[in-house]
>>> print(open('work.txt').read())   # compact mmCIF, C-alpha atoms
# COMPACT_ATOMS: atom_id res chain seq x y z
CA GLY O 1 0.00 0.00 0.00
CA TYR O 2 0.86 3.68 -0.10
CA SER O 3 1.69 4.89 3.39
CA PRO O 4 1.95 8.65 3.99
CA ARG O 5 5.74 8.34 4.25
CA LYS O 6 5.95 6.39 1.01
CA MET O 7 3.91 9.00 -0.82
CA ASN O 8 6.09 11.80 0.58
CA ALA O 9 9.29 10.00 -0.42
CA ARG O 10 7.93 9.52 -3.93
CA ASP O 11 7.07 13.21 -4.21
CA LEU O 12 10.45 14.35 -2.89
CA LEU O 13 12.13 12.10 -5.46
CA PHE O 14 10.14 13.96 -8.13
CA VAL O 15 11.46 17.24 -6.72
CA ALA O 16 15.00 15.83 -6.68
CA HIS O 17 14.73 15.17 -10.41
CA GLY O 18 13.60 18.71 -11.13
CA ALA O 19 9.83 18.83 -10.58
CA ARG O 20 8.77 22.43 -9.88
CA ALA O 21 5.32 21.54 -8.55
CA VAL O 22 3.74 18.58 -6.75
CA LEU O 23 0.03 17.91 -7.20
CA ARG O 24 -1.72 15.23 -5.19
CA TRP O 25 -4.39 14.13 -7.61
CA LEU O 26 -7.09 12.99 -5.15
CA TYR O 27 -8.19 15.53 -2.57
CA ARG O 28 -11.52 13.79 -2.03
CA SER O 29 -11.93 10.04 -2.38
CA ARG O 30 -13.33 8.25 -5.36
CA ILE O 31 -16.80 6.85 -4.75
CA SER O 32 -16.32 3.56 -6.58
CA ASP O 33 -13.74 0.93 -7.65
CA ALA O 34 -10.77 -0.48 -5.72
CA GLN O 35 -9.18 2.94 -5.11
CA ALA O 36 -12.04 4.38 -3.06
CA GLY O 37 -9.59 5.29 -0.34
CA GLU O 38 -5.84 4.75 -0.20
CA PHE O 39 -4.82 8.02 -1.93
CA ASN O 40 -7.36 10.67 -0.88
CA LEU O 41 -6.31 13.50 1.43
CA VAL O 42 -9.60 13.81 3.27
CA GLY O 43 -11.86 11.07 4.54
CA TRP O 44 -15.29 10.23 3.15
CA ASP O 45 -16.88 12.54 5.72
CA GLY O 46 -14.35 15.33 5.05
CA ARG O 47 -11.98 14.80 7.99
CA ILE O 48 -8.21 15.20 7.56
CA THR O 49 -6.33 11.92 6.95
CA ASP O 50 -2.81 11.00 8.03
CA ARG O 51 -1.84 11.33 4.38
CA ALA O 52 -2.95 14.96 4.37
CA ALA O 53 -1.11 15.75 7.60
CA ALA O 54 2.11 14.18 6.30
CA PHE O 55 1.80 15.94 2.94
CA GLY O 56 1.29 19.19 4.81
CA GLU O 57 4.64 18.71 6.56
CA LEU O 58 6.37 18.00 3.25
CA SER O 59 4.69 21.02 1.65
CA ARG O 60 5.84 23.26 4.48
CA PHE O 61 9.44 22.06 4.01
CA LEU O 62 9.30 22.57 0.23
CA ASN O 63 7.82 26.05 0.56
CA GLU O 64 10.30 27.05 3.27
CA HIS O 65 13.17 26.34 0.86
CA ALA O 66 11.35 27.20 -2.35
CA ASP O 67 14.22 29.30 -3.74
CA ASP O 68 16.41 26.19 -3.74
CA PHE O 69 13.81 23.67 -4.91
CA LEU O 70 12.61 25.86 -7.78
CA ASN O 71 16.06 26.56 -9.20
CA HIS O 72 18.31 23.52 -8.85
CA VAL O 73 19.61 21.75 -11.97
CA ALA O 74 21.29 18.43 -12.72
CA ASP O 75 24.89 18.01 -11.59
CA ARG O 76 25.82 16.24 -14.82
CA SER O 77 28.00 13.17 -14.67
CA GLY O 78 28.76 13.30 -18.39
CA VAL O 79 27.39 9.77 -18.80
CA LEU O 80 24.47 9.26 -21.21
CA ILE O 81 22.29 6.26 -22.06
CA LEU O 82 20.61 6.11 -25.45
CA ASP O 83 16.97 5.14 -25.00
CA SER O 84 15.77 2.38 -27.32
CA ARG O 85 12.09 3.03 -26.77
CA ASP O 86 11.91 5.36 -29.77
CA CYS O 87 12.18 2.20 -31.91
CA GLU O 88 8.58 1.43 -30.96
CA ALA O 89 7.45 0.40 -34.44
CA MET O 90 10.34 -2.02 -34.86
CA ALA O 91 9.89 -3.40 -31.36
CA GLU O 92 6.24 -4.07 -32.10
CA ALA O 93 7.02 -5.74 -35.43
CA GLU O 94 9.77 -7.97 -34.05
CA GLY O 95 8.11 -8.92 -30.80
CA TYR O 96 11.16 -7.66 -28.90
CA ARG O 97 9.30 -5.04 -26.88
CA GLY O 98 10.81 -6.27 -23.59
CA ARG O 99 14.33 -5.94 -24.98
CA TYR O 100 13.75 -2.34 -26.02
CA ASN O 101 12.01 -1.37 -22.79
CA ASN O 102 13.90 -3.20 -20.02
CA ALA O 103 17.57 -2.80 -20.89
CA LEU O 104 17.45 0.94 -20.15
CA PRO O 105 16.21 0.91 -16.52
CA ASN O 106 18.44 -2.05 -15.68
CA LEU O 107 21.55 -0.25 -16.93
CA TYR O 108 20.45 3.00 -15.26
CA ASN O 109 20.15 1.18 -11.92
CA ALA O 110 23.49 -0.58 -12.33
CA LEU O 111 25.21 2.77 -12.86
CA LEU O 112 23.43 4.19 -9.82
CA HIS O 113 24.73 1.28 -7.79
CA ILE O 114 28.33 2.27 -8.58
CA GLY O 115 27.76 5.97 -7.84
CA ILE O 116 27.03 7.29 -11.35
CA ARG O 117 23.74 9.02 -12.13
CA ALA O 118 23.44 8.86 -15.90
CA GLU O 119 21.13 10.89 -18.10
CA VAL O 120 18.81 9.33 -20.65
CA CYS O 121 18.72 10.74 -24.17
CA ASN O 122 16.93 9.90 -27.41
CA LEU O 123 17.64 10.17 -31.12
CA ARG O 124 16.27 13.70 -31.37
CA GLN O 125 18.69 14.88 -28.69
CA ILE O 126 21.55 13.06 -30.42
CA ARG O 127 20.70 15.01 -33.59
CA GLU O 128 20.56 18.26 -31.61
CA GLY O 129 24.07 17.82 -30.20
CA ILE O 130 23.68 16.49 -26.66
CA LEU O 131 26.88 14.46 -27.13
CA ASP O 132 28.89 17.68 -27.29
CA GLY O 133 28.90 17.87 -23.47
CA ALA O 134 29.15 14.12 -22.79
CA LYS O 135 32.05 11.90 -21.76
CA ALA O 136 30.48 8.47 -22.31
CA LEU O 137 27.49 7.08 -24.20
CA PHE O 138 26.00 3.68 -23.39
CA ILE O 139 23.86 1.96 -26.02
CA PRO O 140 22.25 -1.06 -24.32
CA PHE O 141 19.94 -2.15 -27.16
CA ARG O 142 19.92 -0.59 -30.61
CA PRO O 143 19.78 -2.98 -33.58
CA TYR O 144 18.90 -0.04 -35.85
CA VAL O 145 21.42 2.69 -36.66
CA ASP O 146 21.18 4.96 -39.69
CA PRO O 147 24.20 6.41 -41.54
CA TRP O 148 23.70 9.91 -40.08
CA MET O 149 23.97 8.49 -36.57
CA GLU O 150 27.13 6.56 -37.45
CA LYS O 151 28.76 9.86 -38.39
CA VAL O 152 27.69 11.48 -35.10
CA LEU O 153 28.98 8.55 -33.03
CA ARG O 154 32.28 8.51 -34.93
CA ARG O 155 32.83 12.22 -34.31
CA PHE O 156 31.96 11.75 -30.62
CA VAL O 157 34.66 9.08 -30.20
CA GLU O 158 37.21 10.96 -32.29
CA ASN O 159 36.82 13.92 -29.94
CA GLY O 160 37.48 11.84 -26.83
CA GLY O 161 34.18 10.17 -25.95
CA ALA O 162 33.67 6.60 -24.80
CA LEU O 163 31.09 4.62 -26.80
CA ILE O 164 29.93 1.43 -25.07
CA ALA O 165 27.49 -0.79 -26.96
CA GLU O 166 25.86 -4.19 -26.40
CA SER O 167 24.89 -6.63 -29.14
CA PRO O 168 22.78 -6.66 -31.18
CA PHE O 169 23.98 -3.26 -32.37
CA ALA O 170 23.75 -1.49 -35.76
CA LEU O 171 22.62 -4.58 -37.66
CA LYS O 172 20.11 -2.63 -39.78
CA GLY O 173 18.99 0.83 -40.72
CA SER O 174 15.70 2.19 -39.48
CA CYS O 175 14.07 0.99 -42.70
CA GLY O 176 14.71 -2.57 -41.50
CA ILE O 177 17.22 -3.51 -44.23
CA HIS O 178 20.17 -5.52 -42.90
CA TYR O 179 23.73 -4.29 -43.40
CA GLU O 180 26.08 -6.83 -45.00
CA VAL O 181 28.90 -5.75 -42.69
CA THR O 182 28.10 -4.88 -39.09
CA PRO O 183 28.18 -2.80 -36.97
CA GLY O 184 26.96 -0.82 -39.99
CA GLY O 185 29.73 1.45 -41.19
CA MET O 186 31.60 1.16 -37.89
CA THR O 187 33.85 -1.89 -38.01
CA ASP O 188 36.93 0.35 -37.94
CA LEU O 189 35.43 2.35 -35.07
CA PHE O 190 35.01 -0.77 -32.93
CA GLY O 191 38.03 -2.66 -34.27
CA ALA O 192 35.86 -5.70 -34.94
CA GLN O 193 33.19 -7.06 -37.27
CA VAL O 194 30.06 -8.94 -36.21
CA TYR O 195 29.32 -11.57 -38.87
CA ASP O 196 26.55 -13.58 -37.20
CA LEU O 197 24.10 -13.48 -34.31
CA GLY O 198 22.75 -16.50 -32.47
CA LYS O 199 21.44 -17.53 -29.10
CA LEU O 200 23.66 -17.37 -26.03
CA PRO O 201 24.47 -21.00 -25.12
CA GLY O 202 25.15 -20.23 -21.46
CA SER O 203 24.38 -17.32 -19.15
CA ASP O 204 27.50 -15.15 -19.29
CA CYS O 205 29.53 -12.99 -21.64
CA GLY O 206 33.16 -13.29 -20.65
CA GLY O 207 32.23 -13.92 -17.01
CA ILE O 208 29.55 -11.19 -16.88
CA PRO O 209 25.88 -12.23 -16.57
CA ALA O 210 24.25 -11.99 -19.99
CA PHE O 211 21.00 -12.89 -21.71
CA ASP O 212 19.62 -14.20 -24.98
CA PHE O 213 21.95 -13.15 -27.82
CA ARG O 214 25.52 -13.98 -28.77
CA ALA O 215 27.27 -12.06 -31.53
CA GLU O 216 30.06 -13.79 -33.43
CA MET O 217 32.91 -11.31 -33.84
CA GLU O 218 36.04 -11.22 -35.97
CA VAL O 219 38.57 -8.92 -34.32
CA ALA O 220 40.77 -6.64 -36.42
CA ALA O 221 42.49 -3.71 -34.67
CA GLY O 222 40.51 -4.10 -31.45
CA THR O 223 41.65 -5.72 -28.21
CA VAL O 224 39.86 -8.76 -26.82
CA GLU O 225 39.25 -8.04 -23.13
CA ALA O 226 37.26 -11.20 -22.37
CA ARG O 227 36.27 -14.42 -24.14
CA PHE O 228 33.52 -17.01 -24.01
CA ALA O 229 34.33 -20.47 -22.68
CA ASP O 230 35.04 -21.69 -26.23
CA GLY O 231 37.56 -18.90 -26.81
CA ALA O 232 35.40 -16.67 -28.99
CA PRO O 233 35.62 -12.89 -28.34
CA ALA O 234 33.08 -11.68 -25.78
CA VAL O 235 34.28 -8.12 -25.05
CA VAL O 236 36.28 -6.05 -27.54
CA SER O 237 37.67 -2.56 -26.90
CA HIS O 238 39.38 -0.21 -29.32
CA ALA O 239 41.18 3.13 -29.10
CA TYR O 240 39.99 5.46 -31.84
CA GLY O 241 40.97 9.11 -32.22
CA LYS O 242 41.04 10.63 -28.75
CA GLY O 243 38.39 8.23 -27.43
CA ARG O 244 37.60 4.55 -27.21
CA THR O 245 34.86 2.03 -27.90
CA VAL O 246 33.69 -1.16 -26.21
CA LEU O 247 31.50 -3.78 -27.89
CA TYR O 248 29.89 -6.63 -25.94
CA ALA O 249 28.81 -9.77 -27.76
CA SER O 250 25.60 -10.13 -25.75
CA GLN O 251 22.95 -8.36 -23.68
CA LEU O 252 24.40 -7.43 -20.29
CA SER O 253 21.96 -4.73 -19.23
CA MET O 254 18.99 -7.02 -19.80
CA ALA O 255 20.59 -9.55 -17.46
CA TYR O 256 20.95 -7.02 -14.62
CA GLN O 257 17.57 -7.89 -13.16
CA ILE O 258 17.96 -7.91 -9.39
CA GLU O 259 14.28 -7.54 -8.50
CA ARG O 260 11.32 -9.59 -9.62
CA PRO O 261 9.66 -7.42 -12.30
CA PHE O 262 6.10 -6.18 -12.03
CA TYR O 263 5.37 -7.81 -15.38
CA PRO O 264 6.95 -11.30 -15.42
CA ASN O 265 9.51 -12.03 -18.11
CA ASP O 266 11.97 -14.80 -18.98
CA VAL O 267 15.06 -13.06 -17.57
CA PRO O 268 16.47 -14.73 -14.44
CA VAL O 269 16.47 -12.69 -11.23
CA LEU O 270 20.01 -12.25 -9.91
CA SER O 271 21.15 -11.67 -6.35
CA TRP O 272 23.21 -8.58 -5.56
CA GLU O 273 26.35 -10.74 -5.51
CA GLN O 274 25.55 -12.51 -8.78
CA ALA O 275 25.08 -9.15 -10.49
CA GLY O 276 28.40 -7.84 -9.13
CA PRO O 277 30.53 -8.59 -12.24
CA PHE O 278 28.45 -6.19 -14.33
CA ARG O 279 28.86 -3.37 -11.80
CA ARG O 280 32.60 -3.97 -11.70
CA GLU O 281 32.75 -4.01 -15.50
CA LEU O 282 30.94 -0.68 -15.73
CA ALA O 283 33.24 0.89 -13.14
CA LYS O 284 36.32 -0.44 -14.96
CA GLN O 285 35.29 0.86 -18.38
CA LEU O 286 34.33 4.28 -17.03
CA GLU O 287 37.56 4.59 -15.08
CA LYS O 288 39.51 3.91 -18.28
CA SER O 289 37.74 6.95 -19.70
CA GLY O 290 38.52 9.09 -16.66
CA ILE O 291 35.06 8.88 -15.09
CA LEU O 292 34.96 8.03 -11.39
CA PRO O 293 31.99 7.43 -9.06
CA LYS O 294 30.37 10.61 -7.78
CA TRP O 295 29.63 9.00 -4.41
CA ARG O 296 30.29 5.85 -2.41
CA ILE O 297 27.94 4.17 0.07
CA SER O 298 29.20 2.09 2.98
CA GLY O 299 27.61 0.41 5.96
CA ALA O 300 24.73 -1.00 3.90
CA GLY O 301 24.54 -4.47 2.40
CA GLY O 302 23.46 -5.28 -1.12
CA GLU O 303 19.78 -5.56 -0.24
CA ALA O 304 19.83 -2.07 1.27
CA ARG O 305 21.92 -0.56 -1.54
CA LYS O 306 19.21 -1.35 -4.06
CA TYR O 307 16.82 1.04 -2.36
CA ILE O 308 19.06 3.98 -1.48
CA GLN O 309 18.58 6.85 -3.91
CA VAL O 310 21.23 9.57 -4.16
CA VAL O 311 20.52 12.55 -6.39
CA PRO O 312 23.23 15.24 -6.61
CA ARG O 313 22.00 18.58 -7.92
CA ARG O 314 23.47 22.04 -8.37
CA LEU O 315 22.10 25.48 -7.40
CA PRO O 316 22.51 28.53 -9.69
CA ASP O 317 25.41 29.88 -7.62
CA GLY O 318 27.26 26.57 -7.94
CA ARG O 319 26.48 25.21 -4.48
CA GLY O 320 25.65 21.53 -4.16
CA LEU O 321 22.18 20.27 -3.24
CA TRP O 322 21.97 16.54 -2.49
CA PHE O 323 18.85 14.42 -2.02
CA VAL O 324 19.27 11.11 -0.17
CA LEU O 325 16.31 8.75 0.16
CA ASN O 326 15.65 5.33 1.63
CA MET O 327 13.02 3.99 -0.77
CA ASP O 328 12.23 0.92 1.32
CA ASP O 329 9.89 -0.36 4.02
CA VAL O 330 12.92 -1.09 6.27
CA PRO O 331 14.85 1.57 8.27
CA ARG O 332 18.47 1.96 7.16
CA GLU O 333 21.74 3.29 8.55
CA PHE O 334 24.59 4.00 6.14
CA SER O 335 27.40 6.39 5.27
CA LEU O 336 27.84 8.47 2.13
CA ARG O 337 31.20 9.81 0.93
CA PHE O 338 31.55 12.40 -1.81
CA ASP O 339 33.81 15.31 -2.67
CA GLY O 340 32.85 18.45 -0.78
CA ALA O 341 30.76 16.63 1.83
CA GLU O 342 32.44 18.62 4.60
CA LYS O 343 30.87 21.80 3.19
CA MET O 344 27.32 20.45 3.32
CA ARG O 345 24.69 20.92 6.01
CA PRO O 346 21.37 19.13 6.48
CA LEU O 347 18.54 21.20 5.05
CA GLY O 348 15.96 18.83 6.48
CA VAL O 349 15.05 15.22 7.25
CA SER O 350 11.74 13.42 7.00
CA ALA O 351 11.20 12.95 10.76
CA GLY O 352 12.56 14.21 14.07
CA ASP O 353 14.16 10.91 15.07
CA GLU O 354 16.12 10.64 11.81
CA THR O 355 19.62 12.04 11.42
CA ALA O 356 22.13 13.18 8.81
CA GLU O 357 25.46 13.95 10.47
CA PHE O 358 28.92 14.62 9.04
CA ARG O 359 31.65 12.78 10.90
CA GLY O 360 34.67 10.70 10.00
CA GLY O 361 34.88 12.25 6.53
CA ALA O 362 31.38 11.08 5.51
CA PHE O 363 27.72 11.86 6.01
CA ASN O 364 26.13 9.29 8.27
CA PHE O 365 22.42 8.71 7.86
CA LYS O 366 19.83 7.11 10.07
CA LEU O 367 16.62 7.04 8.06
CA GLY O 368 13.34 5.32 8.82
CA GLU O 369 11.26 3.47 6.27
CA TRP O 370 10.78 5.75 3.25
CA GLY O 371 12.90 8.33 5.03
CA TRP O 372 14.86 11.09 3.36
CA ALA O 373 17.36 13.88 3.93
CA VAL O 374 18.33 16.93 1.89
CA LEU O 375 21.84 18.41 2.14
CA ALA O 376 22.92 21.84 0.94
CA ALA O 377 26.22 23.70 0.95
CA ALA O 378 26.24 26.84 3.06
CA ASN O 379 26.21 30.21 1.30
CA GLY O 380 29.61 31.13 -0.02
CA LYS O 381 30.61 27.49 -0.34
>>> encode(input="work.txt", output="structure tokens")
Amino acid sequence: GYSPRKMNARDLLFVAHGARAVLRWLYRSRISDAQAGEFNLVGWDGRITDRAAAFGELSRFLNEHADDFLNHVADRSGVLILDSRDCEAMAEAEGYRGRYNNALPNLYNALLHIGIRAEVCNLRQIREGILDGAKALFIPFRPYVDPWMEKVLRRFVENGGALIAESPFALKGSCGIHYEVTPGGMTDLFGAQVYDLGKLPGSDCGGIPAFDFRAEMEVAAGTVEARFADGAPAVVSHAYGKGRTVLYASQLSMAYQIERPFYPNDVPVLSWEQAGPFRRELAKQLEKSGILPKWRISGAGGEARKYIQVVPRRLPDGRGLWFVLNMDDVPREFSLRFDGAEKMRPLGVSAGDETAEFRGGAFNFKLGEWGWAVLAAANGK
């Protein structure tokens, strides 16, 4: 169910991502169906509910610091993920809707779990130049790449960017016609050619959990970083211009499913430990491109880490504004380390018995279920 604390945590997470207004959509209750209750702010006879009282406290906090919450912007990591969901027509035709839809959130979560908050972009933004300010672009599922996009990706790598793609990648143009040589127009960019695509015989790609596909690669100028059990290339990297590329022979992001999905699928659910090789692989490839984690969490096990949300933001004068949330039914205690933490002060916490204290070079949090804290640098910092 939706407890008052859960609803408040959800709304603060919206604010953390840039929402400038929060509207609770049911002031009075519905009078029919299964949601007659549960979300309304006043009871059936008009009395104030606990949800309304809790939302009032959150509203007071947001209004008290409105200048900050109405003006903060993303503290960009320089890491982008290309969203595959704009291939809707192809996904529908092929029956691969789950591949197009699920790889993105899985990869996004895996990056969060290593302290990187990526931004999601689409083809329109690629055309408009969003790569100009980026350091790395992940492409978790994109069988369709047109020639114009190949040119943009090539220029991005030449200028120092890291391009990290999973197979199947650039097999066809958006018209659905297969390239004879793949990745289409980019074999020199990746230092390898994919000449066939079949089913993954096992469950890993060079020791990293993987799912469904296996690309057969012939390596030219690229470097084989990992192999399948039979010796075939599984991970190939290549230095090109000022940047580098990485091509995986299977679907890694799809395999990073560490929670049972709301809509059942055929991807196995991994434990935090089983999914660890993918997190380590992401951290390794980003470090090679000079990108380090923005934050590190300690004192919390894998089960807790899945539900801790950290959202670094930036105020117009350059000061940091950090949102830290425990999106779970279980209270958590943990520490958070990040550059400049000593300059931050708690702006507020979700309840009086919860704490956010700086000591030992880190912020130490004690948050109840669905608890949160907001940190801000003092003026002049």
>>> residues_around(input="work.txt", residues="region 365-376 of chain O", least_positions_apart="3", cutoff="6 Å", atoms="all atoms listed in the file", output="list in words")
Arg5, Lys6, Ala9, Gly320, Leu321, Trp322, Phe323, Val324, Leu325, Asn326, Met327, Asp328, Asp329, Val330, Pro331, Arg332, Glu333, Phe334, Met344, Arg345, Pro346, Leu347, Gly348, Val349, Ser350, Glu354, Thr355 and Ala356 of chain O
>>> atom_distance(input="work.txt", atom1="CA of Met186 (chain O)", atom2="CA of Glu92 (chain O)")
26.5 Å
>>> closest_residue(input="work.txt", among="O:Ile291, O:Val194, O:Ala136, O:Leu41", to="Val236 (chain O)", atoms="only C-alpha atoms")
O:Val194
>>> residues_around(input="work.txt", residues="Asp188 (chain O)", least_positions_apart="5", cutoff="10 Å", atoms="only C-alpha atoms", output="PDB file with C-alpha atoms, keeping the file's coordinate frame")
ATOM      1  CA  ARG O 154      32.280   8.510 -34.930  1.00  0.00           C
ATOM      2  CA  PRO O 183      28.180  -2.800 -36.970  1.00  0.00           C
ATOM      3  CA  GLN O 193      33.190  -7.060 -37.270  1.00  0.00           C
ATOM      4  CA  ALA O 220      40.770  -6.640 -36.420  1.00  0.00           C
ATOM      5  CA  ALA O 221      42.490  -3.710 -34.670  1.00  0.00           C
ATOM      6  CA  GLY O 222      40.510  -4.100 -31.450  1.00  0.00           C
ATOM      7  CA  HIS O 238      39.380  -0.210 -29.320  1.00  0.00           C
ATOM      8  CA  TYR O 240      39.990   5.460 -31.840  1.00  0.00           C
TER       9      TYR O 240
END
>>> closest_residue(input="work.txt", among="O:Leu189, O:Gly133, O:Leu163, O:Gly115", to="Leu336 (chain O)", atoms="all atoms listed in the file")
O:Gly115
>>> atom_distance(input="work.txt", atom1="CA of Ala118 (chain O)", atom2="CA of Asp75 (chain O)")
10.2 Å
>>> closest_residue(input="work.txt", among="O:Gln257, O:Ser250, O:Thr245, O:Ser32", to="Arg227 (chain O)", atoms="all atoms listed in the file")
O:Ser250
>>> residues_around(input="work.txt", residues="Asp196 (chain O)", least_positions_apart="3", cutoff="10 Å", atoms="only C-alpha atoms", output="JSON, numbers by chain")
{"O": [168, 171, 181, 182, 193, 214, 215, 216, 217, 218]}
>>> atom_distance(input="work.txt", atom1="CA of Asp50 (chain O)", atom2="CA of Glu64 (chain O)")
21.3 Å
>>> residues_around(input="work.txt", residues="Ala341 (chain O)", least_positions_apart="5", cutoff="8 Å", atoms="only C-alpha atoms", output="PyMOL selection string")
chain O and resi 358+361-363
>>> residues_around(input="work.txt", residues="Cys175 (chain O)", least_positions_apart="2", cutoff="12 Å", atoms="only C-alpha atoms", output="VMD selection string")
chain O and resid 87 89 to 90 143 to 147 171 to 173 177 to 179
>>> write_last_selection(input="work.txt", atoms="C-alpha atoms", output="CSV table (one decimal), keeping the file's coordinate frame")
chain,number,residue,atom,x,y,z
O,87,CYS,CA,12.2,2.2,-31.9
O,89,ALA,CA,7.4,0.4,-34.4
O,90,MET,CA,10.3,-2.0,-34.9
O,143,PRO,CA,19.8,-3.0,-33.6
O,144,TYR,CA,18.9,0.0,-35.8
O,145,VAL,CA,21.4,2.7,-36.7
O,146,ASP,CA,21.2,5.0,-39.7
O,147,PRO,CA,24.2,6.4,-41.5
O,171,LEU,CA,22.6,-4.6,-37.7
O,172,LYS,CA,20.1,-2.6,-39.8
O,173,GLY,CA,19.0,0.8,-40.7
O,177,ILE,CA,17.2,-3.5,-44.2
O,178,HIS,CA,20.2,-5.5,-42.9
O,179,TYR,CA,23.7,-4.3,-43.4
>>> closest_residue(input="work.txt", among="O:Asp86, O:Glu357, O:Glu38, O:Asp339", to="Pro293 (chain O)", atoms="all atoms listed in the file")
O:Asp339
>>> closest_atom_pairs(input="work.txt", of="region 288-373 of chain O", to="region 267-281 of chain O", cutoff="10 Å", atoms="only C-alpha atoms", output="Markdown table")
| residue | atom | partner | partner_atom | distance |
| --- | --- | --- | --- | --- |
| O:Gly301 | CA | O:Trp272 | CA | 9.1 |
| O:Gly302 | CA | O:Trp272 | CA | 5.5 |
| O:Glu303 | CA | O:Trp272 | CA | 7.0 |
| O:Arg305 | CA | O:Trp272 | CA | 9.1 |
| O:Lys306 | CA | O:Trp272 | CA | 8.4 |
>>> closest_residue(input="work.txt", among="O:Asn63, O:Arg99, O:Ile297, O:Thr187", to="His113 (chain O)", atoms="only C-alpha atoms")
O:Ile297
>>> axis_aligned_box(input="work.txt", around="region 88-91 of chain O", padding_each_side="8 Å", output="lines of an AutoDock Vina configuration file")
center_x = 8.9
center_y = -1.0
center_z = -32.9
size_x = 18.9
size_y = 20.8
size_z = 19.9
>>> build_atoms(input="work.txt", residues="region 244-255 of chain O", atoms="N, CA and C atoms", output="PDB file, in the frame of the given file")
ATOM      1  N   ARG O 244      37.531   6.007 -27.168  1.00  0.00           N
ATOM      2  CA  ARG O 244      37.600   4.550 -27.210  1.00  0.00           C
ATOM      3  C   ARG O 244      36.189   3.981 -27.328  1.00  0.00           C
ATOM      4  N   THR O 245      36.128   2.730 -27.776  1.00  0.00           N
ATOM      5  CA  THR O 245      34.860   2.030 -27.900  1.00  0.00           C
ATOM      6  C   THR O 245      34.950   0.685 -27.181  1.00  0.00           C
ATOM      7  N   VAL O 246      33.793   0.183 -26.790  1.00  0.00           N
ATOM      8  CA  VAL O 246      33.690  -1.160 -26.210  1.00  0.00           C
ATOM      9  C   VAL O 246      32.452  -1.810 -26.827  1.00  0.00           C
ATOM     10  N   LEU O 247      32.607  -3.044 -27.305  1.00  0.00           N
ATOM     11  CA  LEU O 247      31.500  -3.780 -27.890  1.00  0.00           C
ATOM     12  C   LEU O 247      31.366  -5.123 -27.172  1.00  0.00           C
ATOM     13  N   TYR O 248      30.187  -5.361 -26.603  1.00  0.00           N
ATOM     14  CA  TYR O 248      29.890  -6.630 -25.940  1.00  0.00           C
ATOM     15  C   TYR O 248      29.124  -7.532 -26.894  1.00  0.00           C
ATOM     16  N   ALA O 249      29.397  -8.802 -26.830  1.00  0.00           N
ATOM     17  CA  ALA O 249      28.810  -9.770 -27.760  1.00  0.00           C
ATOM     18  C   ALA O 249      27.441 -10.257 -27.307  1.00  0.00           C
ATOM     19  N   SER O 250      26.900  -9.686 -26.232  1.00  0.00           N
ATOM     20  CA  SER O 250      25.600 -10.130 -25.750  1.00  0.00           C
ATOM     21  C   SER O 250      24.904  -8.991 -25.032  1.00  0.00           C
ATOM     22  N   GLN O 251      23.748  -9.320 -24.441  1.00  0.00           N
ATOM     23  CA  GLN O 251      22.950  -8.360 -23.680  1.00  0.00           C
ATOM     24  C   GLN O 251      23.305  -8.452 -22.202  1.00  0.00           C
ATOM     25  N   LEU O 252      24.027  -7.454 -21.703  1.00  0.00           N
ATOM     26  CA  LEU O 252      24.400  -7.430 -20.290  1.00  0.00           C
ATOM     27  C   LEU O 252      23.389  -6.656 -19.453  1.00  0.00           C
ATOM     28  N   SER O 253      22.922  -5.545 -19.985  1.00  0.00           N
ATOM     29  CA  SER O 253      21.960  -4.730 -19.230  1.00  0.00           C
ATOM     30  C   SER O 253      20.662  -5.478 -18.985  1.00  0.00           C
ATOM     31  N   MET O 254      20.207  -6.221 -19.975  1.00  0.00           N
ATOM     32  CA  MET O 254      18.990  -7.020 -19.800  1.00  0.00           C
ATOM     33  C   MET O 254      19.137  -7.986 -18.642  1.00  0.00           C
ATOM     34  N   ALA O 255      20.346  -8.523 -18.477  1.00  0.00           N
ATOM     35  CA  ALA O 255      20.590  -9.550 -17.460  1.00  0.00           C
ATOM     36  C   ALA O 255      20.673  -8.972 -16.054  1.00  0.00           C
TER      37      ALA O 255
END
